[in-house]
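Visitor: Input: one structure, supplied below.
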Amino acid sequence: MARSKTQLRADFASALSSMYRHEVPQYGLLLDLVADINQDVAQRHGLKLHSRIDVERHGAIRLGTAAELHSIRRLFAVMDMHPVNYYDLSVAGLPVHATCFRPVDRQALSDNPFRVFTSLLRLDFIEDDALRAKAEAILNQRKIFSDRCLELVEQLETCGETFDSSLAAEFISEALEIFRWHHTSTVDLETYQALNRDHPLVADVVCFRGPHVNHLTPRVLDIEAAQTKMLERGLQAKDQIEGPPSRSYPILLRQTSFLALEEEITFSNGAETGGRHKARFGEIEQRGMALTEKGMKLYDSLMSQALELKGQMPAEEALKTTFSRFPDELDVLRRERLAYFTYSVGASTPTTAKTDGADITSDANIDALVQSGTIKLSPITYEDFLPISAAGIFHSNIGDDGPATAQARSDKAAFESALGMKVKSSYELYECIQAESITECLRQLYGERA
Ligand code: OOG
Ligand code: NI
């Protein structure tokens, strides 16, 4: 039996989830808790859960070299996962920049939206020349991909849309090795400590054989419930949910996490024992609708206004106050072009509508069709990340005590040159999904004239 790219992605996500469950038992607890809440919410609202919700996960890894980023890009492409957006985390004092590998078209997202937030360490932020050279030398020596893994990537790249199932199985087991946790650090304790003093992220990337997956996040339908249940079950949740406040129509992404495990590791390939390292944590996310560039500008400005209010009131209240200015009705969000939607023809609509000679593709006509209920709206889910939230997650898990990097400087060009291609823009992807759905509606309503 042949496997499609989407099946390969689903198989890989499921294999990674099993491996991580084994490595971090609290992750299993998190999955149970999320499944309970999702069932509850579905029952309360009489919803049928979309099948993607049960398997939906995002993971995160941190890479050390341009060559690693280049190869991982090819590996993810085999599973129809492509780099979307550039995230500069130096704005939050972190020496990394990142992208998200994920499926991009509507069907692939609906089948399995597995995504991996992938950071690349920026050695140029290490100020000490000798330490930087040392880190570079260590990274240049490691091999995070087996030879067989690279061979399989090359072979599968030329296979088109489906793969032989035994090659697919071999690919998954080779790829899984990249993400595995190692209890043993390649470097000696002294080097680890020096790198950790520079920045905990530098140590986390440089001192290990591979880019262990540092969290795997399920999607929950009610993050407030999740936050409460996490605390009830003894998971040390961070005290504040990242992202926008709770609303009738959720936007973007809200996240919470529990603290990184402090794990015992040995150094010098096992010769030095008694070391500890914090790398891995648990996280839960709730996803809302994707915002347009205009919506995102409004979001950013309300977020920074909330930050200014923080001295005067609790953070949660500050968010509620500023976000009262973000419309919370679907039709307003659509008319003001703040969010993206897919459009579909309502079930009871006759298939040929009158046109009266007007331009059927005009905004006025689309508005009229929506007003009359001929066309139904459904918000497009946000499939990406929020740099400020990501920074909050990074900080709560590596400790806020780490020194901040000297100053923010984004370097998208260097990132893309390492990647070997440009990152895609999520705005363009959402725009395209929205436009396709409109075209399809018009075709259904007007046939050939559309
Ligand atoms: C990635 C943090 C970013 C998120 O959900 O925002 C992230 C990391 O800690 O490596 O996963
Ligand atoms: Ni995450």
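Chain labels A, B, ... are given in the sequence in which chains occur in the structure tokens; within each chain residues are numbered consecutively from 1, and ligands are likewise numbered from 1 in the order shown.
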Produce a table with one row for each residue of chain A that has an atom at most 8 Å from any atom of ligand 2, each row naming the nearest atom pair and its distance in Å at one decimal; use only C-alpha atoms and all ligand atoms; arrange rows by chain and rising residue number; format as a Markdown table.

Guide:
```
| residue | atom | partner | partner_atom_place_in_ligand_line | distance |
| --- | --- | --- | --- | --- |
| A:His58 | CA | ligand 2 | 1 (Ni) | 6.5 |
| A:Gly59 | CA | ligand 2 | 1 (Ni) | 6.3 |
| A:Ala60 | CA | ligand 2 | 1 (Ni) | 6.2 |
| A:Phe117 | CA | ligand 2 | 1 (Ni) | 7.0 |
| A:His215 | CA | ligand 2 | 1 (Ni) | 6.6 |
| A:Leu216 | CA | ligand 2 | 1 (Ni) | 7.1 |
| A:Thr217 | CA | ligand 2 | 1 (Ni) | 6.2 |
| A:Gln255 | CA | ligand 2 | 1 (Ni) | 7.9 |
| A:Glu283 | CA | ligand 2 | 1 (Ni) | 6.3 |
| A:Ile284 | CA | ligand 2 | 1 (Ni) | 7.9 |
| A:Glu285 | CA | ligand 2 | 1 (Ni) | 7.9 |
| A:Ala390 | CA | ligand 2 | 1 (Ni) | 6.8 |
| A:Ile393 | CA | ligand 2 | 1 (Ni) | 7.2 |
```

Visitor: Please produce an output containing N, CA and C atoms for each residue in the selection, written as a PDB file, in the first residue's frame.

Guide:
```
ATOM      1  N   HIS A  58       1.324  20.686  17.974  1.00  0.00           N
ATOM      2  CA  HIS A  58       2.529  21.331  17.438  1.00  0.00           C
ATOM      3  C   HIS A  58       3.699  20.973  18.335  1.00  0.00           C
ATOM      4  N   GLY A  59       4.847  20.832  17.717  1.00  0.00           N
ATOM      5  CA  GLY A  59       6.058  20.539  18.463  1.00  0.00           C
ATOM      6  C   GLY A  59       7.036  21.680  18.277  1.00  0.00           C
ATOM      7  N   ALA A  60       8.159  21.635  19.023  1.00  0.00           N
ATOM      8  CA  ALA A  60       9.186  22.648  18.824  1.00  0.00           C
ATOM      9  C   ALA A  60      10.569  22.031  18.956  1.00  0.00           C
ATOM     10  N   PHE A 117       7.435  24.293  15.318  1.00  0.00           N
ATOM     11  CA  PHE A 117       8.098  25.591  15.478  1.00  0.00           C
ATOM     12  C   PHE A 117       9.592  25.298  15.546  1.00  0.00           C
ATOM     13  N   HIS A 215       8.648  20.334  23.406  1.00  0.00           N
ATOM     14  CA  HIS A 215       7.262  20.162  23.855  1.00  0.00           C
ATOM     15  C   HIS A 215       6.417  19.728  22.672  1.00  0.00           C
ATOM     16  N   LEU A 216       5.276  19.139  22.992  1.00  0.00           N
ATOM     17  CA  LEU A 216       4.344  18.714  21.955  1.00  0.00           C
ATOM     18  C   LEU A 216       2.976  19.117  22.493  1.00  0.00           C
ATOM     19  N   THR A 217       2.304  19.969  21.737  1.00  0.00           N
ATOM     20  CA  THR A 217       1.152  20.670  22.300  1.00  0.00           C
ATOM     21  C   THR A 217      -0.163  20.235  21.692  1.00  0.00           C
ATOM     22  N   GLN A 255      -2.244  30.372  24.853  1.00  0.00           N
ATOM     23  CA  GLN A 255      -1.402  29.256  25.272  1.00  0.00           C
ATOM     24  C   GLN A 255      -1.086  29.304  26.757  1.00  0.00           C
ATOM     25  N   GLU A 283       2.643  22.042  27.171  1.00  0.00           N
ATOM     26  CA  GLU A 283       1.942  23.256  26.737  1.00  0.00           C
ATOM     27  C   GLU A 283       0.577  22.866  26.186  1.00  0.00           C
ATOM     28  N   ILE A 284      -0.387  23.770  26.350  1.00  0.00           N
ATOM     29  CA  ILE A 284      -1.717  23.579  25.758  1.00  0.00           C
ATOM     30  C   ILE A 284      -2.059  24.837  24.979  1.00  0.00           C
ATOM     31  N   GLU A 285      -2.725  24.685  23.860  1.00  0.00           N
ATOM     32  CA  GLU A 285      -3.108  25.865  23.082  1.00  0.00           C
ATOM     33  C   GLU A 285      -4.592  25.820  22.746  1.00  0.00           C
ATOM     34  N   ALA A 390       5.323  33.318  22.117  1.00  0.00           N
ATOM     35  CA  ALA A 390       6.414  32.342  22.032  1.00  0.00           C
ATOM     36  C   ALA A 390       7.525  32.753  22.997  1.00  0.00           C
ATOM     37  N   ILE A 393       6.598  31.899  26.449  1.00  0.00           N
ATOM     38  CA  ILE A 393       6.726  30.464  26.693  1.00  0.00           C
ATOM     39  C   ILE A 393       8.208  30.112  26.893  1.00  0.00           C
TER      40      ILE A 393
END
```

Visitor: With only C-alpha atoms counted and 12 Å as the cut-off, give the residues of segment 115-208 of chain A in contact with segment 91-94 of chain A, each with its shortest interatomic distance in Å and the pair that gives it, as CSV.

Guide:
```
residue,atom,partner,partner_atom,distance
A:Ser119,CA,A:Leu94,CA,10.6
A:Leu120,CA,A:Leu94,CA,10.9
A:Leu121,CA,A:Leu94,CA,9.1
A:Arg122,CA,A:Leu94,CA,9.0
A:Leu123,CA,A:Leu94,CA,11.3
A:Asp124,CA,A:Leu94,CA,12.0
A:Phe125,CA,A:Leu94,CA,9.1
A:Ile126,CA,A:Leu94,CA,11.3
A:Asp198,CA,A:Leu94,CA,11.1
A:His199,CA,A:Leu94,CA,8.3
A:Pro200,CA,A:Leu94,CA,9.7
A:Leu201,CA,A:Leu94,CA,7.9
A:Val202,CA,A:Leu94,CA,9.7
```

Visitor: Looking at A:Lys320, A:His22, A:Arg44, A:His97, which one is nearest to ligand 1, with distances taken over only C-alpha atoms and all ligand atoms?

Guide: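 Smallest separation from ligand 1 among the options: A:His97.
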
Visitor: Find the residues of segment 291-409 of chain A that sit at most 10 Å from segment 108-116 of chain A; for each, write down the nearest two atoms and how far apart they are in Å, to one decimal. Count only C-alpha atoms. Sort by chain, then by number going up, and give it as JSON lines.

Guide:
```
{"residue": "A:Thr381", "atom": "CA", "partner": "A:Leu109", "partner_atom": "CA", "distance": 9.8}
{"residue": "A:Glu383", "atom": "CA", "partner": "A:Pro113", "partner_atom": "CA", "distance": 7.9}
{"residue": "A:Asp384", "atom": "CA", "partner": "A:Arg115", "partner_atom": "CA", "distance": 8.6}
```

Visitor: Need the shell around Leu298 of chain A: protein/DNA/RNA residues with any atom at most 12 Å away, counting only C-alpha atoms. Skip same-chain ones fewer than 2 positions apart. Format as a list in words?

Guide: Pro244, Ile251, Leu291, Thr292, Glu293, Lys294, Gly295, Met296, Asp300, Ser301, Leu302, Met303, Ser304, Gln305, Thr322, Phe323, Ser324, Arg325, Phe326, Pro327, Leu333, Glu336, Arg337, Leu338 and Ala339 of chain A

Visitor: Could you check the closest approach to ligand 1 for each of A:Leu195, A:Val213, A:Val345, A:Val84 and tell me which residue wins, using only C-alpha atoms and all ligand atoms?

Guide: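 Among A:Leu195, A:Val213, A:Val345, A:Val84, it is A:Val213 that comes nearest to ligand 1.
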
Visitor: What is the atom CA of Phe163 of chain A to atom CA of Ile144 of chain A distance in Å?

Guide: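 Interatomic distance, atom CA of Phe163 of chain A to atom CA of Ile144 of chain A: 23.7 Å.
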
Visitor: Can you work out which one of A:Gly288, A:Gly270, A:Gly234, A:Gly282 has the shortest atom-to-atom distance to ligand 1, counting only C-alpha atoms and all ligand atoms?

Guide: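 Under the stated criterion, the closest residue is A:Gly282.
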
Visitor: So which residues touch Val205 of chain A within 8 Å, counting only C-alpha atoms, skipping near sequence neighbours fewer than 5 positions away, as a JSON list (two decimals) with N, CA and C atoms, in the first residue's frame?

Guide:
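Contents of around_25.json, as written:
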```json
[["chain", "number", "residue", "atom", "x", "y", "z"],
["A", 62, "ARG", "N", 14.98, 23.16, 18.36],
["A", 62, "ARG", "CA", 15.94, 24.27, 18.21],
["A", 62, "ARG", "C", 17.19, 23.73, 17.55],
["A", 63, "LEU", "N", 17.55, 24.31, 16.41],
["A", 63, "LEU", "CA", 18.69, 23.81, 15.64],
["A", 63, "LEU", "C", 19.92, 24.68, 15.86],
["A", 64, "GLY", "N", 21.08, 24.12, 15.47],
["A", 64, "GLY", "CA", 22.32, 24.82, 15.74],
["A", 64, "GLY", "C", 23.02, 25.41, 14.53],
["A", 121, "LEU", "N", 19.62, 28.69, 16.31],
["A", 121, "LEU", "CA", 20.45, 29.45, 17.25],
["A", 121, "LEU", "C", 21.25, 30.49, 16.49],
["A", 210, "GLY", "N", 21.36, 16.02, 19.51],
["A", 210, "GLY", "CA", 20.34, 16.36, 18.52],
["A", 210, "GLY", "C", 19.33, 17.35, 19.08],
["A", 211, "PRO", "N", 18.43, 17.85, 18.23],
["A", 211, "PRO", "CA", 17.44, 18.85, 18.66],
["A", 211, "PRO", "C", 16.20, 18.17, 19.24]]
```

Visitor: Using only C-alpha atoms, which of A:Gln155, A:Gln26, A:Gln7, A:Thr273 sits nearest Met79 of chain A?

Guide: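 Answer, going by the shortest atom-to-atom distance: A:Gln7.
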
Visitor: Calculate how many Å separate atom CA of Cys159 of chain A from atom CA of Ile72 of chain A, rounding to one decimal.

Guide: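 Atom CA of Ile72 of chain A lies 18.0 Å from atom CA of Cys159 of chain A.
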
Visitor: Using only C-alpha atoms, find the one residue out of A:Ser437, A:Thr321, A:Ser4, A:Gln39 that sits nearest to Ala306 of chain A.

Guide: A:Thr321

Visitor: Would you mind listing what lies within 9 Å of Ser396 of chain A as a PyMOL selection string, with only C-alpha atoms counted and same-chain residues fewer than 6 positions away left out?

Guide: chain A and resi 238+257-260
